[in-house]
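Coordinates as given in data08.txt (compact mmCIF, C-alpha atoms and all ligand atoms):
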# COMPACT_ATOMS: atom_id res chain seq x y z
CA MET U 1 0.00 0.00 0.00
CA LEU U 2 1.08 3.57 -0.67
CA ASN U 3 0.26 6.57 1.50
CA SER U 4 1.40 9.55 -0.45
CA GLY U 5 1.68 12.97 1.21
CA SER U 6 2.89 16.28 -0.18
CA SER U 7 6.51 15.64 0.80
CA SER U 8 6.50 12.00 1.88
CA ILE U 9 5.47 8.56 0.65
CA LYS U 10 4.94 5.76 3.16
CA TYR U 11 4.71 2.23 1.86
CA LYS U 12 4.18 -1.31 3.09
CA LEU U 13 4.24 -4.57 1.21
CA PHE U 14 2.09 -7.42 2.55
CA ASP U 15 2.01 -11.10 1.66
CA MET U 16 -1.75 -11.57 1.83
CA ARG U 17 -1.47 -15.36 2.01
CA ASP U 18 -0.64 -14.99 5.69
CA ARG U 19 -1.08 -11.20 6.05
CA SER U 20 2.58 -10.81 6.96
CA GLU U 21 4.45 -7.57 6.44
CA VAL U 22 7.25 -8.21 3.93
CA ALA U 23 8.81 -4.76 3.83
CA GLY U 24 7.99 -1.13 4.40
CA GLY U 25 9.37 2.33 4.87
CA ALA U 26 9.07 5.96 3.91
CA ALA U 27 10.52 8.49 1.52
CA GLU U 28 10.77 11.74 3.48
CA ARG U 29 11.21 15.42 2.65
CA ILE U 30 10.72 14.78 -1.07
CA GLY U 31 11.81 17.81 -3.08
CA GLY U 32 13.48 19.43 -0.07
CA ALA U 33 16.83 19.49 1.68
CA GLY U 34 17.71 16.31 3.55
CA SER U 35 15.41 14.05 1.55
CA ARG U 36 15.94 10.37 2.30
CA LEU U 37 14.40 6.95 2.07
CA VAL U 38 14.19 4.68 5.10
CA HIS U 39 13.50 1.07 4.16
CA ARG U 40 12.80 -1.89 6.46
CA ASP U 41 12.78 -5.51 5.38
CA GLY U 42 10.69 -8.28 6.95
CA SER U 43 13.17 -8.79 9.80
CA GLY U 44 12.92 -5.11 10.73
CA ALA U 45 16.49 -4.35 9.56
CA GLU U 46 16.66 -0.73 8.48
CA GLN U 47 18.43 0.65 5.46
CA VAL U 48 18.73 4.41 4.89
CA ASP U 49 19.18 5.77 1.37
CA ALA U 50 20.22 9.39 1.89
CA GLY U 51 22.35 9.62 -1.27
CA ALA U 52 21.17 11.70 -4.21
CA PRO U 53 18.27 14.03 -3.35
CA ILE U 54 14.77 12.73 -4.04
CA LEU U 55 13.42 15.41 -6.33
CA ASP U 56 9.84 14.33 -6.85
CA HIS U 57 7.24 11.61 -6.24
CA GLY U 58 8.26 9.77 -9.44
CA GLU U 59 11.81 9.40 -8.27
CA ALA U 60 10.68 8.38 -4.79
CA ILE U 61 8.52 5.58 -6.20
CA ASP U 62 11.31 4.39 -8.52
CA ARG U 63 13.71 4.22 -5.59
CA ILE U 64 11.18 2.42 -3.40
CA ALA U 65 10.69 -0.16 -6.20
CA ARG U 66 14.47 -0.57 -6.52
CA LEU U 67 14.92 -1.11 -2.77
CA LEU U 68 12.09 -3.61 -2.71
CA GLY U 69 13.82 -5.41 -5.61
CA GLU U 70 17.19 -5.38 -3.86
CA SER U 71 15.76 -6.88 -0.72
CA GLY U 72 14.45 -9.73 -2.87
CA VAL U 73 10.84 -8.64 -2.81
CA GLY U 74 10.56 -8.03 -6.53
CA ALA U 75 7.94 -5.31 -6.67
CA ASP U 76 8.53 -5.19 -10.43
CA GLU U 77 7.60 -8.79 -10.92
CA GLU U 78 4.35 -10.57 -11.44
CA ALA U 79 4.17 -11.48 -7.76
CA LEU U 80 2.63 -8.10 -7.02
CA SER U 81 -1.17 -8.40 -7.24
CA GLY U 82 -2.09 -4.76 -6.83
CA ILE U 83 -1.48 -1.45 -5.14
CA GLY U 84 -3.77 0.12 -2.56
CA HIS U 85 -3.63 3.91 -2.23
CA ARG U 86 -4.77 5.76 0.84
CA VAL U 87 -6.97 8.69 -0.17
CA VAL U 88 -8.15 11.08 2.51
CA HIS U 89 -11.38 12.48 1.09
CA GLY U 90 -13.93 10.53 -0.91
CA GLY U 91 -16.78 13.00 -0.31
CA GLU U 92 -20.22 11.55 -1.02
CA THR U 93 -18.89 10.05 -4.25
CA PHE U 94 -17.01 7.10 -2.78
CA ARG U 95 -18.72 4.80 -0.30
CA GLU U 96 -16.22 1.95 -0.71
CA PRO U 97 -12.74 1.11 -2.00
CA THR U 98 -12.70 1.68 -5.75
CA LEU U 99 -10.59 0.43 -8.66
CA ILE U 100 -8.77 3.43 -10.06
CA ASP U 101 -9.35 4.57 -13.64
CA ASP U 102 -9.33 8.02 -15.28
CA ARG U 103 -12.83 8.72 -14.04
CA VAL U 104 -11.84 7.95 -10.45
CA VAL U 105 -8.70 10.12 -10.72
CA SER U 106 -10.76 13.07 -11.87
CA ALA U 107 -13.37 12.51 -9.16
CA ILE U 108 -10.62 12.52 -6.49
CA ARG U 109 -9.26 15.73 -8.02
CA ASP U 110 -12.74 17.21 -7.96
CA LEU U 111 -12.87 16.56 -4.19
CA SER U 112 -9.62 18.45 -3.57
CA SER U 113 -11.37 21.57 -2.33
CA LEU U 114 -12.64 19.49 0.62
CA ALA U 115 -9.11 18.29 1.49
CA PRO U 116 -6.70 20.72 -0.16
CA LEU U 117 -3.68 19.49 1.80
CA HIS U 118 -4.32 15.81 1.25
CA ASN U 119 -6.15 14.83 -1.94
CA PRO U 120 -3.72 16.51 -4.38
CA ALA U 121 -0.80 14.84 -2.55
CA ASN U 122 -2.56 11.46 -2.63
CA LEU U 123 -3.11 11.95 -6.37
CA GLN U 124 0.56 12.62 -7.02
CA GLY U 125 1.39 9.12 -5.77
CA ILE U 126 -1.52 7.57 -7.67
CA GLU U 127 -0.57 9.18 -10.98
CA VAL U 128 3.06 8.07 -10.77
CA ALA U 129 2.11 4.52 -9.74
CA LEU U 130 -0.41 4.28 -12.61
CA GLU U 131 2.18 5.46 -15.07
CA ARG U 132 4.85 3.01 -13.82
CA ARG U 133 2.59 -0.02 -13.46
CA PRO U 134 -0.41 0.36 -15.82
CA ASP U 135 -0.68 -3.44 -15.84
CA LEU U 136 -1.54 -3.64 -12.14
CA PRO U 137 -4.96 -3.11 -10.59
CA GLN U 138 -4.77 -0.10 -8.27
CA VAL U 139 -7.37 0.71 -5.67
CA ALA U 140 -8.25 3.93 -3.84
CA VAL U 141 -9.14 3.34 -0.18
CA PHE U 142 -10.83 6.40 1.34
CA ASP U 143 -10.57 7.58 4.97
CA THR U 144 -14.14 8.86 4.70
CA ALA U 145 -15.83 5.84 3.06
CA PHE U 146 -16.60 3.84 6.22
CA HIS U 147 -18.56 6.81 7.59
CA GLN U 148 -20.85 7.15 4.57
CA THR U 149 -23.42 5.06 6.47
CA ILE U 150 -23.88 7.90 9.01
CA PRO U 151 -27.54 8.98 8.71
CA PRO U 152 -28.45 12.56 7.77
CA HIS U 153 -29.58 13.54 11.28
CA ALA U 154 -26.00 12.89 12.43
CA HIS U 155 -24.08 14.12 9.38
CA ARG U 156 -25.88 17.35 8.57
CA TYR U 157 -25.01 20.69 10.17
CA ALA U 158 -27.80 23.15 10.96
CA ILE U 159 -26.62 25.74 8.44
CA PRO U 160 -28.11 27.37 5.32
CA HIS U 161 -29.22 24.59 2.99
CA GLU U 162 -27.33 25.94 -0.01
CA TRP U 163 -23.99 25.45 1.81
CA TYR U 164 -24.71 21.73 1.67
CA GLU U 165 -26.03 21.82 -1.90
CA SER U 166 -23.36 24.08 -3.38
CA HIS U 167 -20.34 23.55 -1.17
CA ARG U 168 -20.86 19.96 0.04
CA VAL U 169 -20.74 21.09 3.67
CA ARG U 170 -21.66 18.16 5.92
CA ARG U 171 -19.91 15.84 8.35
CA TYR U 172 -17.82 13.20 6.53
CA GLY U 173 -15.56 11.72 9.24
CA PHE U 174 -12.05 10.30 8.86
CA HIS U 175 -9.88 7.44 10.20
CA GLY U 176 -12.45 5.14 8.55
CA THR U 177 -9.96 2.35 7.80
CA SER U 178 -8.89 2.30 11.44
CA HIS U 179 -12.45 2.34 12.83
CA ALA U 180 -13.43 -0.48 10.42
CA TYR U 181 -10.39 -2.62 11.28
CA VAL U 182 -10.61 -2.08 15.04
CA SER U 183 -14.34 -2.78 15.26
CA ARG U 184 -13.85 -6.10 13.44
CA GLN U 185 -10.93 -7.04 15.70
CA ALA U 186 -12.97 -6.10 18.80
CA ALA U 187 -15.74 -8.49 17.67
CA VAL U 188 -13.15 -11.25 17.20
CA PHE U 189 -11.77 -10.57 20.68
CA LEU U 190 -15.25 -10.63 22.22
CA GLY U 191 -16.06 -13.81 20.27
CA ARG U 192 -19.31 -12.31 19.00
CA PRO U 193 -20.59 -11.47 15.50
CA LEU U 194 -19.94 -7.82 14.62
CA VAL U 195 -23.56 -7.44 13.44
CA GLU U 196 -24.75 -7.99 17.02
CA LEU U 197 -22.54 -5.30 18.53
CA ASN U 198 -22.79 -1.61 19.35
CA LEU U 199 -19.26 -0.22 19.76
CA ILE U 200 -17.65 3.07 20.68
CA VAL U 201 -14.17 3.24 19.12
CA LEU U 202 -11.71 5.89 20.30
CA HIS U 203 -8.86 6.35 17.82
CA LEU U 204 -6.35 8.48 19.76
CA GLY U 205 -3.25 9.16 17.66
CA ASN U 206 -1.78 12.49 16.58
CA GLY U 207 -5.19 13.00 15.05
CA ALA U 208 -8.03 11.64 17.17
CA SER U 209 -11.62 10.66 16.56
CA ALA U 210 -14.45 8.77 18.22
CA ALA U 211 -16.94 6.65 16.30
CA ALA U 212 -20.27 5.09 17.21
CA ILE U 213 -20.56 1.80 15.34
CA GLU U 214 -23.79 -0.20 15.14
CA ALA U 215 -23.70 -3.68 13.62
CA GLY U 216 -20.40 -2.87 11.91
CA ARG U 217 -21.71 0.36 10.39
CA SER U 218 -20.61 3.82 11.43
CA VAL U 219 -23.60 5.83 12.73
CA ASP U 220 -21.71 8.86 14.07
CA THR U 221 -18.17 10.16 14.34
CA SER U 222 -16.50 13.15 15.91
CA MET U 223 -14.58 14.50 12.91
CA GLY U 224 -16.65 16.49 10.47
CA LEU U 225 -16.26 18.29 7.15
CA THR U 226 -12.54 18.23 7.95
CA PRO U 227 -10.43 16.43 10.57
CA LEU U 228 -10.51 19.56 12.76
CA GLU U 229 -13.77 18.80 14.56
CA GLY U 230 -14.30 16.65 17.64
CA LEU U 231 -11.71 15.47 20.14
CA VAL U 232 -8.71 17.51 21.28
CA MET U 233 -5.69 16.37 19.24
CA GLY U 234 -1.91 16.86 19.19
CA THR U 235 -2.08 20.17 17.36
CA ARG U 236 -5.78 20.48 16.33
CA SER U 237 -8.39 22.17 18.50
CA GLY U 238 -11.31 19.80 17.98
CA ASP U 239 -14.77 21.24 18.82
CA LEU U 240 -15.08 24.95 19.40
CA ASP U 241 -17.55 27.77 19.13
CA PRO U 242 -17.30 28.75 15.45
CA ALA U 243 -17.89 32.38 16.43
CA LEU U 244 -14.52 32.50 18.19
CA ILE U 245 -12.93 32.54 14.73
CA PHE U 246 -14.78 35.77 13.86
CA HIS U 247 -13.89 37.25 17.23
CA VAL U 248 -10.15 36.54 16.90
CA ALA U 249 -10.13 37.63 13.24
CA ARG U 250 -11.72 40.98 14.14
CA GLU U 251 -9.55 41.54 17.20
CA SER U 252 -6.20 40.44 15.78
CA GLY U 253 -6.63 41.17 12.08
CA GLN U 254 -5.33 37.71 11.17
CA SER U 255 -6.45 36.25 7.85
CA LEU U 256 -8.64 33.18 7.46
CA ASP U 257 -5.60 31.20 6.29
CA ASP U 258 -3.66 32.24 9.43
CA LEU U 259 -6.52 31.13 11.65
CA ASP U 260 -6.91 27.87 9.72
CA ALA U 261 -3.21 27.14 10.25
CA ALA U 262 -3.40 28.06 13.96
CA LEU U 263 -6.41 25.83 14.66
CA SER U 264 -4.85 22.89 12.80
CA GLY U 265 -1.19 23.28 13.68
CA ARG U 266 -0.86 25.28 16.90
CA SER U 267 -3.88 24.23 18.93
CA GLY U 268 -4.91 21.07 20.78
CA LEU U 269 -2.33 19.84 23.32
CA GLN U 270 0.27 22.07 21.66
CA GLY U 271 -1.88 25.15 22.12
CA LEU U 272 -2.77 24.34 25.70
CA CYS U 273 0.70 23.51 27.00
CA GLY U 274 3.31 24.06 24.28
CA VAL U 275 3.91 20.43 23.23
CA GLY U 276 1.72 18.24 21.03
CA ASP U 277 3.15 14.78 21.67
CA MET U 278 1.24 13.06 24.48
CA ARG U 279 4.40 11.44 25.86
CA ASP U 280 5.96 14.88 26.34
CA VAL U 281 2.76 16.29 27.83
CA LEU U 282 2.56 13.46 30.38
CA ALA U 283 6.27 13.83 31.25
CA ARG U 284 5.78 17.56 31.88
CA GLU U 285 2.72 16.92 33.99
CA GLU U 286 4.68 14.37 36.02
CA ALA U 287 7.32 17.06 36.58
CA GLY U 288 4.67 19.39 38.01
CA ASP U 289 3.84 21.54 34.94
CA GLU U 290 0.34 22.98 35.55
CA ARG U 291 -0.40 23.75 31.90
CA ALA U 292 0.44 20.18 30.95
CA ARG U 293 -1.91 18.91 33.67
CA LEU U 294 -4.70 21.11 32.34
CA ALA U 295 -4.01 19.93 28.77
CA VAL U 296 -4.48 16.29 29.79
CA GLU U 297 -7.65 17.22 31.70
CA VAL U 298 -9.14 19.03 28.69
CA TYR U 299 -8.10 16.15 26.39
CA THR U 300 -9.59 13.39 28.54
CA TYR U 301 -12.71 15.35 29.53
CA ARG U 302 -13.55 15.78 25.83
CA ILE U 303 -13.20 12.01 25.29
CA ARG U 304 -15.45 11.34 28.28
CA LYS U 305 -18.14 13.68 26.87
CA TYR U 306 -18.06 11.86 23.53
CA ILE U 307 -18.37 8.48 25.23
CA GLY U 308 -21.47 9.77 27.03
CA ALA U 309 -22.88 11.22 23.82
CA TYR U 310 -22.36 7.97 21.90
CA VAL U 311 -23.93 5.86 24.66
CA ALA U 312 -26.97 8.09 24.13
CA ALA U 313 -26.71 7.81 20.33
CA LEU U 314 -26.43 4.02 20.36
CA GLY U 315 -28.94 3.28 23.13
CA HIS U 316 -26.75 0.57 24.60
CA VAL U 317 -23.06 -0.22 24.21
CA ASP U 318 -21.36 -3.62 24.05
CA ALA U 319 -17.78 -2.32 24.30
CA VAL U 320 -15.67 0.83 24.45
CA VAL U 321 -12.47 0.36 22.47
CA PHE U 322 -9.23 2.35 22.71
CA THR U 323 -6.77 2.36 19.81
CA ALA U 324 -3.85 4.19 18.07
CA GLY U 325 -0.68 5.66 19.67
CA VAL U 326 -2.22 7.25 22.76
CA GLY U 327 -5.16 4.84 23.08
CA GLU U 328 -2.95 1.75 22.90
CA ASN U 329 -0.09 3.02 25.06
CA SER U 330 -1.35 5.39 27.70
CA PRO U 331 -3.05 3.88 30.76
CA GLU U 332 -3.23 7.39 32.28
CA VAL U 333 -5.30 8.74 29.41
CA ARG U 334 -7.58 5.69 29.35
CA GLU U 335 -8.15 5.88 33.09
CA ARG U 336 -8.92 9.59 33.10
CA ALA U 337 -11.16 9.35 30.00
CA CYS U 338 -13.32 6.72 31.74
CA ARG U 339 -13.46 8.41 35.12
CA ARG U 340 -17.02 8.92 36.47
CA LEU U 341 -18.52 6.66 33.82
CA GLY U 342 -19.39 3.96 36.37
CA GLY U 343 -23.03 5.03 36.16
CA LEU U 344 -23.00 4.00 32.48
CA GLY U 345 -21.46 0.61 33.37
CA ILE U 346 -18.04 1.69 32.09
CA GLU U 347 -15.36 1.03 34.68
CA ILE U 348 -11.65 0.35 34.23
CA ASP U 349 -9.64 -2.04 36.41
CA PRO U 350 -6.43 -0.19 37.40
CA VAL U 351 -4.26 -3.31 37.37
CA ARG U 352 -5.50 -4.65 34.01
CA ASN U 353 -5.27 -1.14 32.58
CA ARG U 354 -1.57 -0.91 33.46
CA ALA U 355 -0.62 -4.42 32.30
CA ALA U 356 1.75 -4.21 29.33
CA GLY U 357 0.80 -5.89 26.08
CA HIS U 358 0.72 -5.53 22.32
CA ALA U 359 -2.30 -7.72 21.61
CA ALA U 360 -6.00 -6.93 22.01
CA ARG U 361 -6.90 -7.02 25.69
CA ALA U 362 -9.68 -6.22 28.16
CA ILE U 363 -9.13 -3.59 30.88
CA HIS U 364 -12.55 -3.31 32.56
CA VAL U 365 -13.34 -4.45 36.09
CA GLU U 366 -14.33 -8.06 36.65
CA GLY U 367 -18.06 -8.34 36.00
CA GLY U 368 -18.23 -4.82 34.52
CA ALA U 369 -21.39 -4.19 32.50
CA VAL U 370 -19.55 -2.76 29.48
CA PRO U 371 -16.26 -4.32 28.33
CA VAL U 372 -13.48 -1.77 27.83
CA LEU U 373 -10.84 -2.99 25.38
CA VAL U 374 -7.47 -1.95 23.99
CA VAL U 375 -7.23 -3.10 20.37
CA PRO U 376 -4.15 -2.21 18.25
CA THR U 377 -5.03 -0.66 14.93
CA ASN U 378 -3.36 -1.48 11.62
CA GLU U 379 -4.51 0.94 8.94
CA GLU U 380 -1.97 -0.30 6.39
CA LEU U 381 -3.10 -3.92 6.66
CA GLU U 382 -6.73 -2.79 6.42
CA ILE U 383 -5.92 -0.88 3.21
CA ALA U 384 -4.21 -4.01 1.85
CA GLU U 385 -7.23 -6.16 2.84
CA GLN U 386 -9.71 -3.78 1.23
CA THR U 387 -7.53 -3.54 -1.87
CA LEU U 388 -7.43 -7.31 -2.25
CA HIS U 389 -11.18 -7.58 -1.66
CA CYS U 390 -11.84 -4.90 -4.28
CA ILE U 391 -9.52 -6.53 -6.84
CA ARG U 392 -11.19 -9.92 -6.32
CA ASN U 393 -14.61 -8.37 -6.83
CA ARG U 394 -13.34 -6.09 -9.66
CA ARG U 395 -15.51 -3.14 -8.89
P1 LIG F 1 -0.63 8.92 13.84
O1 LIG F 1 -1.92 9.61 14.08
O2 LIG F 1 0.43 9.79 13.29
O3 LIG F 1 -0.75 7.57 13.16
P2 LIG F 1 -0.05 7.40 16.24
O4 LIG F 1 -1.28 6.58 16.22
O5 LIG F 1 1.25 6.71 16.06
O6 LIG F 1 -0.12 8.65 15.30
O7 LIG F 1 -0.03 8.17 17.66
C1 LIG F 1 0.93 9.12 17.96
C2 LIG F 1 0.67 9.64 19.36
O8 LIG F 1 0.75 8.54 20.28
C3 LIG F 1 1.70 10.67 19.83
O9 LIG F 1 1.04 11.76 20.43
C4 LIG F 1 2.48 9.91 20.87
O10 LIG F 1 2.94 10.74 21.89
C5 LIG F 1 1.44 8.98 21.42
N1 LIG F 1 2.06 7.87 22.16
C6 LIG F 1 2.83 6.88 21.70
N2 LIG F 1 3.26 6.11 22.73
C7 LIG F 1 2.74 6.65 23.86
C8 LIG F 1 2.82 6.35 25.27
N3 LIG F 1 3.52 5.31 25.70
N4 LIG F 1 2.15 7.13 26.13
C9 LIG F 1 1.45 8.19 25.71
N5 LIG F 1 1.33 8.54 24.41
C10 LIG F 1 1.97 7.79 23.50
Show the structure stored in the file as C-alpha cells.
Ligand code: ADP
Amino acid sequence: MLNSGSSSIKYKLFDMRDRSEVAGGAAERIGGAGSRLVHRDGSGAEQVDAGAPILDHGEAIDRIARLLGESGVGADEEALSGIGHRVVHGGETFREPTLIDDRVVSAIRDLSSLAPLHNPANLQGIEVALERRPDLPQVAVFDTAFHQTIPPHAHRYAIPHEWYESHRVRRYGFHGTSHAYVSRQAAVFLGRPLVELNLIVLHLGNGASAAAIEAGRSVDTSMGLTPLEGLVMGTRSGDLDPALIFHVARESGQSLDDLDAALSGRSGLQGLCGVGDMRDVLAREEAGDERARLAVEVYTYRIRKYIGAYVAALGHVDAVVFTAGVGENSPEVRERACRRLGGLGIEIDPVRNRAAGHAARAIHVEGGAVPVLVVPTNEELEIAEQTLHCIRNRR
C-alpha cells in the first residue's frame, strides 16, 4: 500500500497469504533538503538511502521499487497483485474502495477543495504509480468511506441549505480504515458477531476521533467536514464555538488562512501547554507543569463527553475500544477518560489497565457491564485487505 503525502510517501508490502508484512518504509522530505528513504525488510532491519536528493514523487517511487527489488521482494515482478492507495477524502462520491481509472482520478481531483492538503498529494502518488505499473490493478481506499453510512440527522449541520447543496458542507468523518479494522478485531476478541454489537471506538493518535458503530456500520463520528472537529488532538483544537474565529479575526486582524493554520497546527495539546506529543505532555505533567496537567484534563474530559454522547446515540453499548498511539499506550489517558462513567457501566480495572501488552486485551473491572478494550489498529493492513477484496470483486 502507498500513502502519499505532499513531501512524503509511506509504503508497506504485505504477503496476503498470511497477512505478513514483507517490507515497508518511507521516503521523506521529497523535493526538499535532507530528503531520504528509510526502508525496512521483513526482519525489521533498516536501510537508509540518503544519497542523491529525491526530487519528486516519481523518483521516490522508482527508488522504493528498486529497494524492494534489492531486498528480494521483486515489486517489479508478477508477484505483485495490486497497489492500494490511501486517499483522505472521498466526499459523497465514494462509499467503498474503488478500482482506479481516469474517471476515479478526476473525481478525487474534484474533491480536492474538501481536502486541499491531502487529496492533491494522494493523487501525485496515484498518478506516478499508474504510469509506472499500468498493468496492475490499483485501488483507492478512502478515509471517509466507512462513515458514509452515518444517517443525515448525524451528518448534517444546521446551516443554510445551499452550503450543503453548493459547497458539500456536511460531516464526513475520517480514520475510517482504522475504525473499520478495530471494530472487526474487537468483535473477534469478544467472540461475537460484529452485526450484534454496538461499539464506541476511540482512535487516539496524533489526530483523534471517536466513532459510534452499530452492527459494523458507522452511525456517528466526531470529525466532520474536515479532521478539525471533535476530540482535542496533538495540534488540532477539535470542537469549538465557530464564532470565536470571527472574534479573533476581528480583534487580531489575522487572515482566514492564518486562523486555519493556527487551529490545525498550533492548537490542541500544543496550544494548551506548548507540546503536542502526548508522551511529552505526560512527562511535563509528572514534573509538576500545571499547563500540561490542564491539557491532559481538557483532552480526557472531551473524550469522556463523547463516550457519554455515543452511549446516548447508540442506546446501549457492548464495548468501548481504545486504539492508536495514545489509546494503545497510555493507561493514564484511558483511566482519566473513563473516570465517572461507572453510572453507564463503564469502569476500568487499574491493574489490568496498566498491564503491558501488544495484543488486544480487556481492561474493565471483573463483571463490569460494558467491556473496555485496547485493540491495536493497523490501517496499512486494512488498506491491503480492502484492496485485495476490491480486486477480487473487480468493482
Ligand atoms: P498517527 O496519528 O500519526 O498515526 P499514532 O497513532 O502513532 O499517530 O499516535 C501518535 C501519538 O501517540 C503521539 O502523540 C504519541 O505521543 C502517542 N504515544 C505513543 N506512545 C505513547 C505512550 N507510551 N504514552 C502516551 N502517548 C503515547
| Contacts of segment 365-371 of chain U within 9 Å, all atoms listed in the file, excl. fewer than 6 positions in-chain, as a VMD selection string | chain U and resid 190 317 to 321 344 to 350 352
| task | For Tyr299 of chain U, please output as a VMD selection string all residues within 12 Å (counting all atoms listed in the file; exclusion window: fewer than 6 positions along the same chain). | result | chain U and resid 204 208 to 209 230 to 239 267 to 273 276 278 281 to 282 292 to 293 305 to 306 326 332 to 334 336 to 337
Could you list the protein, DNA and RNA residues that have any atom within 6 Å of ligand LIG 1 (chain F), counting all atoms listed in the file, and write them as an mmCIF file with C-alpha atoms, in the frame of the given file?
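This went into part.cif:
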data_model
loop_
_atom_site.group_PDB
_atom_site.id
_atom_site.type_symbol
_atom_site.label_atom_id
_atom_site.label_comp_id
_atom_site.auth_asym_id
_atom_site.auth_seq_id
_atom_site.Cartn_x
_atom_site.Cartn_y
_atom_site.Cartn_z
ATOM 1 C CA GLY U 205 -3.250 9.160 17.660
ATOM 2 C CA ASN U 206 -1.780 12.490 16.580
ATOM 3 C CA GLY U 207 -5.190 13.000 15.050
ATOM 4 C CA ASP U 277 3.150 14.780 21.670
ATOM 5 C CA MET U 278 1.240 13.060 24.480
ATOM 6 C CA ARG U 279 4.400 11.440 25.860
ATOM 7 C CA ALA U 324 -3.850 4.190 18.070
ATOM 8 C CA GLY U 325 -0.680 5.660 19.670
ATOM 9 C CA VAL U 326 -2.220 7.250 22.760
ATOM 10 C CA ASN U 329 -0.090 3.020 25.060
ATOM 11 C CA SER U 330 -1.350 5.390 27.700
#
| message | For a test of reading the model, state the distance in Å between atom CA of His57 of chain U and atom CA of Gly91 of chain U, rounded to one decimal. | response |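 We find that atom CA of His57 of chain U and atom CA of Gly91 of chain U lie 24.8 Å from each other.
Note that the spacing between atom CA of His179 of chain U and atom CA of Phe142 of chain U amounts to 12.3 Å.
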| Residue nearest Ile150 of chain U among U:Leu225, U:Val219, U:Leu123, U:Val88 (counting all atoms listed in the file) |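 For Ile150 of chain U, the nearest of the candidates is U:Val219.
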| task | Go through U:Pro152, U:Pro160, U:Gly32, U:Pro227 and flag the residue nearest Ala115 of chain U, using all atoms listed in the file for the distances. | result |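 The answer is U:Pro227, which sits nearest to Ala115 of chain U.
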| query | Hey, which of U:Ser8, U:Asn122, U:Gln138, U:Ser222 ends up closest to Glu59 of chain U? Count all atoms listed in the file. | reply | U:Ser8
| task | Mind listing whatever residues come within 9 Å of the point (-13.5, -4.7, 16.8)? Use only C-alpha atoms, file coordinates, and give them as a list in words. | result | His179, Ala180, Tyr181, Val182, Ser183, Arg184, Gln185, Ala186, Ala187, Val188, Phe189, Leu190, Leu194, Leu199, Val201, Gly216, Ala319, Val321 and Val375 of chain U
Write the selection just made, keeping C-alpha atoms, as a tab-separated table (two decimals), in the frame of the given file?
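The result, written out as again_19.tsv:
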chain	number	residue	atom	x	y	z
U	179	HIS	CA	-12.45	2.34	12.83
U	180	ALA	CA	-13.43	-0.48	10.42
U	181	TYR	CA	-10.39	-2.62	11.28
U	182	VAL	CA	-10.61	-2.08	15.04
U	183	SER	CA	-14.34	-2.78	15.26
U	184	ARG	CA	-13.85	-6.10	13.44
U	185	GLN	CA	-10.93	-7.04	15.70
U	186	ALA	CA	-12.97	-6.10	18.80
U	187	ALA	CA	-15.74	-8.49	17.67
U	188	VAL	CA	-13.15	-11.25	17.20
U	189	PHE	CA	-11.77	-10.57	20.68
U	190	LEU	CA	-15.25	-10.63	22.22
U	194	LEU	CA	-19.94	-7.82	14.62
U	199	LEU	CA	-19.26	-0.22	19.76
U	201	VAL	CA	-14.17	3.24	19.12
U	216	GLY	CA	-20.40	-2.87	11.91
U	319	ALA	CA	-17.78	-2.32	24.30
U	321	VAL	CA	-12.47	0.36	22.47
U	375	VAL	CA	-7.23	-3.10	20.37
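Taking atom CA of Ser112 of chain U and atom CA of Gly31 of chain U as endpoints, the distance between them is 21.4 Å.
Candidate residues U:Ser178, U:Ser43, U:Asn3, U:Thr226 were compared for distance to Gly125 of chain U, and the nearest is U:Asn3, using all atoms listed in the file.
With all atoms listed in the file as the basis for measurement, U:Ala26 is the residue among U:Leu117, U:Ala26, U:Ala45, U:Leu136 that approaches Arg63 of chain U most closely.
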| Distance query Ala79 of chain U at most 12 Å, only C-alpha atoms, self and fewer than 5 positions along chain excluded, as a ChimeraX atom specification | /U:13-17,69,72-74,136
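The residue that comes closest to Arg339 of chain U, out of U:Asp62, U:Asp143, U:Glu96, U:Glu297 and on the basis of all atoms listed in the file, is U:Glu297.
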| message | (3.5, 8.5, 4.3) in this file's frame - what residues fall within 10 Å of it? Use only C-alpha atoms and give the answer as a ChimeraX atom specification. | response | /U:2-12,25-28,86,122
Writer output for current selection, C-alpha atoms, as a short mmCIF file (atom, residue, chain, number, x, y, z; two decimals), keeping the file's coordinate frame:
data_model
loop_
_atom_site.label_atom_id
_atom_site.label_comp_id
_atom_site.auth_asym_id
_atom_site.auth_seq_id
_atom_site.Cartn_x
_atom_site.Cartn_y
_atom_site.Cartn_z
CA LEU U 2 1.08 3.57 -0.67
CA ASN U 3 0.26 6.57 1.50
CA SER U 4 1.40 9.55 -0.45
CA GLY U 5 1.68 12.97 1.21
CA SER U 6 2.89 16.28 -0.18
CA SER U 7 6.51 15.64 0.80
CA SER U 8 6.50 12.00 1.88
CA ILE U 9 5.47 8.56 0.65
CA LYS U 10 4.94 5.76 3.16
CA TYR U 11 4.71 2.23 1.86
CA LYS U 12 4.18 -1.31 3.09
CA GLY U 25 9.37 2.33 4.87
CA ALA U 26 9.07 5.96 3.91
CA ALA U 27 10.52 8.49 1.52
CA GLU U 28 10.77 11.74 3.48
CA ARG U 86 -4.77 5.76 0.84
CA ASN U 122 -2.56 11.46 -2.63
#
| message | Would you pick out the contacts of Asn393 of chain U at 12 Å or less, using all atoms listed in the file, so that residues sharing its chain but fewer than 2 positions from it are not included, and give the list as a list of chain:residue names? | response |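 The neighbour list is U:Pro97, U:Thr98, U:Leu99, U:Pro137, U:Val139, U:Gln386, U:Thr387, U:Leu388, U:His389, U:Cys390, U:Ile391, U:Arg395.
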| said: If we count only C-alpha atoms and set the cut-off at 10 Å, which residues sit around Thr221 of chain U, ignoring sequence neighbours fewer than 6 positions away in its own chain? Please answer as JSON, numbers by chain. | reply: {"U": [147, 150, 154, 155, 171, 172, 173, 174, 175, 176, 179, 200, 201, 202, 209, 210, 211, 212, 213, 229, 230, 306, 310]}
